[in-house]
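Engineer: Take a look at the following structure, please.
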Amino acid sequence: MATTHNVDNKRYRSLIISIALFLSLIGALLAFTFYTSSLLERNTVLIDKTNQVANSAQAVIKDLFDLDSSYGEDTNSPHIQRVLERLEQNTALITSSITAIEQGGEITDVDGKSYDLPKINNNSQTKVAAANEQWLLLEPKIQTYLKDADNIMVDSSDELIQAVEQAKTSSLLINDSLDQLTDEVFINAERQADTIRLIQILGVAAIFAYFLIFVFFFVRRLRDTDAEALAARRETQEIMETVNTGLFLLDKDLNIGQQHSRALNGIIGEDRLAGENFADVLRGRISDKDLRTTRQFIEQLYNPRVKEKLVDSLNPLHKVMLHNASGEESTTSRFLDFKFSRVYEDKDIARILVNVNDVSDAVYLEQRLEKERSQNDMQIEMLTTILNVNPKIINEFISNTKAHIDKMNNILKNPGSSQFELEGKLKAIYREMHSLKGEASALKLHSFTKIASDAEDKLDALQNQGKLSGNNFLPLAVHLDDLLSLSNTIETLGERINQAAPKANNNAKPVMPVKTAPQPSVVQAQVAGVVTTNINVDGGNEIDLSDESDDEHLSYYQDFAKDIAVRQGKKIQLNGHNLAHINIPERLKQPIKEISIQLLRNAVVHGIESPEARQSAGKSAIGSIDLEMQRDSQNLIIALQDDGQGIDYEGIRYKLIADGRFTQEEASQMTHGDLLKTLFASGFSTKEHADEDGGRGVGLDVIKALVKEHNGKLNVNTELGKMTRFVITLPAA
C-alpha cells in the first residue's frame with residue numbers, strides 16, 4: 001500500500017506543478033494589470049493637475065483684473081474679501097502643484113484628497129521649469145499686494161498694478177508651457193496604454209495556449225490512467241469471478257465495498273451485496289447476541305491498540321450457522337466461516353478484508369464423527385456399567401426405565417385439554433423423568449442422564465411459560481424414544497456378555513465411624529402435594545464413605561452419593577443401618593429405591609455445606625448422612641438424616657417473594673409448616689441455578705408423590721445450622 005501511495009504522489013505531482021504554474025501566469029498578468037492601471041491613474045492625475053494649474057492661473061489673472069477694476073471699493077465688502085480669499089488660495093495651489101509636478105510624489109487638493117503623481121521625464125521637466133520660471137516672476141508680486149490688500153490705511157494700488165502687468169505676460173507663458181506638458185503626458189499615457197493592452201493580449205494568449213496544452217496533456221494522461229484503471233479493474237474482476245471464496249471489504253460503519261467476489265452472493269445467499277450494511281445482511285440469519293458481538297469484534301479490529309492476533313480468537317463468526325432469509329432452519333441453512341484481516345494505508349487501518357467460506361460439509365462431517373464418537377463412548381459407558389454392576393441391578397434399571405417410559409407414554413396419551421389437566425400431565429411427566437434420571441445417575445449412565453436432563457430443560461421451560469397446549473408435549477416423544485433405545489441397547493449388550501461378569505465391589509469399608517446425629521424435633525409436618533429443591537454449592541472433590549454391611553444396595557447408594565458430592569465440591573460420609581437385614585416387600589422395592597435416591601440427592605445438594613462453610617461453623621469438613629430402614633408388622637420406615645445446614649425457613653420465604661409466588665405480606669404470615677409444604681411444591685427450589693443434581697424443584701415432589709401413592713406418611717425434623725431428618729412411613733401390607 002505504501003508503494004501505491006508513492007506512485008499516486010508522483011502521478012499527481014506534475015499535475016500540481018502545472019496548475020501552480022498556470023495560476024502563477026494568471027497572477028503575474030493580474031499583477032501587471034494592477035501596476036499599469038496604477039500608472040495610468042497617476043498619469044491621469046498629472047494631466048488633471050496641469051489643467052488645474054492652468055485653470056488656477058487663469059483664475060488668478062481674472063481675480064487681479066477684478067481687483068484692479070474694483071479698486072477704491074471698501075476692502076471689507078463681501079465681494080473684495082471673497083476675491084482676495086480666492087486669489088490667495090489659487091496662488092498657494094499653483095505654487096504647491098508646480099512643485100509636485102516638477103518633483104513627483106503625493107499631492108493634496110483643496111478638498112483634502114491625496115494623489116500620487118508620476119515622476120516626469122527631462123523633456124517634461126523643461127516645460128514645467130518654464131512655467132515655474134514665469135510663476136516665480138508673478139507670485140512675489142501677488143504676495144506683495146496681498147500683504148496689505150485689505151488694509152485701508154495702506155495704498156496698495158502700485159503693487160496691484162505691477163501684479164496685473166506681470167500676470168498679463170506670465171499667464172500666457174504659463175498656460176502655454178502647461179498645455180505642452182499636458183499634451184506630452186497624454187501622449188505618453190496613450191503610448192503606455194497601448195503597450196499595456198499589447199502585453200495583456202499576449203499574456204492572455206499565452207495563458208490560453210498554456211491552458212490548451214495543459215488540457216491536451218492531462219486529458220491524454222487521464223485517458224491513459226483510465227485505461228490502466230480499467231485494465232486493473234478487469235483483472236480484479238477476473239480474480240473476483242474466479243475465486244471460490246467470498247471476498248469483500250468492510251469500512252468502519254460495516255458497509256460492504258462496491259467490489260466483491262462473485263462467489264460471495266452464492267455463499268451468503270443474497271443477490272445484492274455491494275454497498276449494503278453487513279449487519280443488515282446478517283440480521284435475522286444469526287442470533288442477536290452474535291450480531292452484537294460481531295459489531296464489537298469489528299470495532300476492536302479498527303482499534304490500532306488491539307493486536308489482530310489476539311482479537312482473532314474472539315471471532316463470533318467462526319463456523320457460524322447462517323439461516324436462510326426467512327429465518328427457518330432448513331436444508332438451505334449453512335455453516336459459514338468468516339475470517340477478518342486488517343488492510344493498512346501507511347500505518348492507518350483503512351479497511352477490513354473479509355474472507356468467507358462455506359464449511360457446511362466439514363461441519364456436518366465433524367458432527368457425524370462426533371455423533372459416532374458419542375455413540376461409541378456411550379456403548380463403552382454402558383459396557384463398563386454392565387461389567388461392574390450386579391446384573392440384578394442392571395435388570396432392575398432396565399425394567400424400571402421401561403416402566404417410567406410406559407407411564408410417561410400413558411400420561412401423554414391421556415386426554416386432557418383444560419389448563420389444570422395439562423399442568424397435571426406436565427408435573428406427572430416431570431416426576432417420572434426425574435426419577436429415571438436419578439437411577440441413571442446412580443449407575444453413572446451419563447448418556448441417560450444427559451437425555452433426561454435435556455427433557456427436564458424442556459419440561460422446565462413449559463412449566464414457566466404459563467399457558468399450555470397439547471402440542472407442547474410432542475417434542476418429549478423424541479426423548480422417550482431415545483431413552484427406550486438406550487435401555488434396549490443395554491439389554492442387548494447384557495445378553496451378549498458372559499453372565500459370569502464380575503459384580504460390583506460391595507466391600508468398601510467406612511473411613512469414619514458410624515455416628516447418629518441428634519434429632520431435635522423443631523418442626524414436624526405431614527406433606528401431600530408436589531415437590532422441588534436444589535442449591536448450588538462450591539467445594540472440593542474429596543469424599544469419605546462408610547459401610548456397615550455387605551449389602552449391594554448400600555454400595556449402590558454410596559457410589560451414587562459419592563458422585564454427587566464430587567460434582568458439588570463437598571465431602572460426605574454415608575452411614576447405612578440395617579439395610580442388609582430388612583425384608584422389603586416386592587411391591588415397595590422400587591418406590592423405596594426411588595425415595596432413597598431422591599433423599600440422598602437432596603441431602604448432598606441442599607443439606608451438607610461446603611467444607612469451608614462447615615469448618616467456619618465449627619463442624620467437621622466431612623458431612624455425615626445416615627440412611628436407616630426399619631420394618632415392623634405393619635409398616636416399613638425409611639429415615640435419612642444429615643448434619644448439614646438445616647432448612648432455612650426465612651430463605652424459603654425470601655425466595656417465594658423473589659419468584660413472585662407470594663407478596664411480602666402473604667409470605668410474612670406463612671408458618672413454618674406452610675413454608676415446608678411449599679418446599680415440596682412442584683417447580684420450587686431454593687437453588688439459584690439448575691444442574692444435573694438439582695435445582696429444578698422436582699426431587700421432593702417425587703418423594704411426596706410416591707408417599708401419597710402408597711398411602712404413606714412423611715415427617716420432617718430440622719434445626720437450622722445443625723441437621724435435617726426425613727422419616728417416611730409406608731404400609732408394609
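Identifiers for the C-alpha cells are assigned positionally: chains receive A, B, ... in sequence, residues are indexed from 1 per chain, and ligands are indexed from 1 in the order shown.
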Would you kindly return, as a PDB file with C-alpha atoms, in the first residue's frame, each protein, DNA or RNA residue with an atom no farther than 9 Å from any atom of Asp150 (chain A), considering only C-alpha atoms and excluding same-chain residues fewer than 4 positions away?
Structural biologist:
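The file below, out-v8.pdb, is the result:
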```pdb
ATOM      1  CA  ASP A  74     -14.392  99.089   0.585  1.00  0.00           C
ATOM      2  CA  THR A  75     -11.872  96.332   1.297  1.00  0.00           C
ATOM      3  CA  ASN A  76     -14.194  94.843   3.909  1.00  0.00           C
ATOM      4  CA  ILE A  80     -13.480  92.177  -2.143  1.00  0.00           C
ATOM      5  CA  GLN A  81     -12.989  89.703   0.715  1.00  0.00           C
ATOM      6  CA  LEU A  84      -8.902  88.233  -2.067  1.00  0.00           C
ATOM      7  CA  LEU A 146      -1.914  90.541  -0.758  1.00  0.00           C
ATOM      8  CA  VAL A 154      -2.099 101.402   3.151  1.00  0.00           C
TER       9      VAL A 154
END
```
Engineer: Would you compute the distance between CA of Gly424 (chain A) and CA of Thr686 (chain A)? Give it in Å to one decimal.
Structural biologist: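 Value for the CA of Gly424 (chain A)-CA of Thr686 (chain A) distance: 22.3 Å.
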Engineer: Just the residues within 12 Å of region 437-440 of chain A, please, counting only C-alpha atoms, with nothing from its chain fewer than 6 positions along; format it as a VMD selection string.
Structural biologist: chain A and resid 381 to 382 385 393 to 394 396 to 401 404 to 405 430 to 431 446 to 456 483 486 to 487 490 556 to 557 559 to 561 563 to 564 590 to 591 593 to 602 692 to 694 698 to 699 702
Engineer: Between A:Val53, A:Leu93, A:Leu720, A:Ala274, single out the one closest to Glu650 (chain A), counting only C-alpha atoms.
Structural biologist: A:Leu720
Engineer: Just the helix (DSSP H, G or I) stuff from region 3-169 of chain A, please, per backbone DSSP, written as a ChimeraX atom specification.
Structural biologist: /A:3-69,78-103,122-148,157-169
Engineer: Could you tell me how far CA of Thr99 (chain A) lies from CA of Ala149 (chain A), in Å and to one decimal?
Structural biologist: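 Atom-to-atom, CA of Thr99 (chain A) to CA of Ala149 (chain A), that is 26.2 Å.
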Engineer: Residues near region 60-66 of chain A, anyone? I mean within 6 Å using only C-alpha atoms, not counting same-chain ones fewer than 2 positions away, as a list in words.
Structural biologist: Ala57, Gln58, Asp68, Ser69, Leu87, Val164 and Ala167 of chain A
Engineer: Give me the residues within 8 Å of Met408 (chain A) as a list in words, counting only C-alpha atoms and dropping any in the same chain fewer than 5 places off.
Structural biologist: Ala428, Ile429 and Glu432 of chain A
Engineer: Hey, can you spit out that residue selection with N, CA, C and O atoms as a PDB file, in the first residue's frame?
Structural biologist:
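Done, and the output landed in again-v4.pdb:
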```pdb
ATOM      1  N   ALA A 428     -46.678 -34.710  36.339  1.00  0.00           N
ATOM      2  CA  ALA A 428     -46.520 -36.162  36.409  1.00  0.00           C
ATOM      3  C   ALA A 428     -45.352 -36.629  35.541  1.00  0.00           C
ATOM      4  O   ALA A 428     -44.540 -37.469  35.964  1.00  0.00           O
ATOM      5  N   ILE A 429     -45.255 -36.098  34.323  1.00  0.00           N
ATOM      6  CA  ILE A 429     -44.147 -36.470  33.437  1.00  0.00           C
ATOM      7  C   ILE A 429     -42.819 -36.011  34.042  1.00  0.00           C
ATOM      8  O   ILE A 429     -41.811 -36.733  33.996  1.00  0.00           O
ATOM      9  N   GLU A 432     -41.707 -38.493  36.737  1.00  0.00           N
ATOM     10  CA  GLU A 432     -41.210 -39.748  36.166  1.00  0.00           C
ATOM     11  C   GLU A 432     -39.830 -39.549  35.554  1.00  0.00           C
ATOM     12  O   GLU A 432     -38.931 -40.379  35.721  1.00  0.00           O
TER      13      GLU A 432
END
```
Engineer: In Å, with one decimal, what is the gap from CA of Val219 (chain A) to CA of Ala206 (chain A)?
Structural biologist: 19.5 Å
Engineer: Give me the residues near Asp348 (chain A) as a list of chain:residue names, where near means some atom within 9 Å (using only C-alpha atoms) and where sequence neighbours in that chain fewer than 4 positions away do not count.
Structural biologist: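 Answer for this query is A:Pro304, A:Val343, A:Tyr344.
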Engineer: How would the residues just picked look written out with N, CA, C and O atoms as a compact mmCIF listing (two decimals), in the first residue's frame?
Structural biologist:
```
# COMPACT_ATOMS: atom_id res chain seq x y z
N PRO A 304 -6.37 0.50 16.75
CA PRO A 304 -4.95 0.20 16.49
C PRO A 304 -4.21 -0.31 17.73
O PRO A 304 -3.16 -0.93 17.61
N VAL A 343 -6.58 -4.07 6.63
CA VAL A 343 -5.95 -3.51 5.43
C VAL A 343 -5.43 -2.13 5.82
O VAL A 343 -6.19 -1.28 6.30
N TYR A 344 -4.12 -1.91 5.62
CA TYR A 344 -3.48 -0.68 6.08
C TYR A 344 -3.20 0.27 4.91
O TYR A 344 -2.93 -0.16 3.79
```
Engineer: When distances are computed from only C-alpha atoms, which of A:Gly618, A:Gly651, A:Pro316, A:Pro391 shows the smallest separation from Glu491 (chain A)?
Structural biologist: A:Pro391
Engineer: At a cut-off of 6 Å, using only C-alpha atoms, what residues contact region 126-131 of chain A? Leave out same-chain residues fewer than 2 positions from it and give the result as a VMD selection string.
Structural biologist: chain A and resid 123 to 124 133 to 134 174 177
Engineer: Just list the residues in region 324-492 of chain A DSSP gives strand (DSSP E or B) on the backbone, as a list in words.
Structural biologist: Arg334, Phe335, Leu336, Asp337, Phe338, Lys339, Phe340, Ser341, Arg342, Val343, Tyr344, Glu345, Asp348, Ile349, Ala350, Arg351, Ile352, Leu353, Val354, Asn355, Val356, Asn357 and Asp358 of chain A
Engineer: Go through A:Asn575, A:Ser469, A:Ser18, A:Ser616 one by one, measure the shortest atom-to-atom distance of each to Phe218 (chain A) using only C-alpha atoms, and give the residue with the smallest value.
Structural biologist: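 The answer is A:Ser18, which sits nearest to Phe218 (chain A).
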Engineer: Considering only C-alpha atoms, state which residue in the set A:Gln573, A:Gln419, A:Asn711, A:Gln259 is at the smallest distance from Asn635 (chain A).
Structural biologist: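 Going through A:Gln573, A:Gln419, A:Asn711, A:Gln259 one by one, the smallest distance to Asn635 (chain A) is for A:Asn711.
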Engineer: Hey, which of A:Ile411, A:Ile161, A:Ala231, A:Ile380 ends up closest to Met433 (chain A)? Count only C-alpha atoms.
Structural biologist: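 Result for the nearest residue to Met433 (chain A): A:Ile411.
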Engineer: Restricting the calculation to only C-alpha atoms, which member of A:Asn188, A:Thr91, A:Gln645, A:Gln258 is positioned closest to Ile47 (chain A)?
Structural biologist: A:Asn188
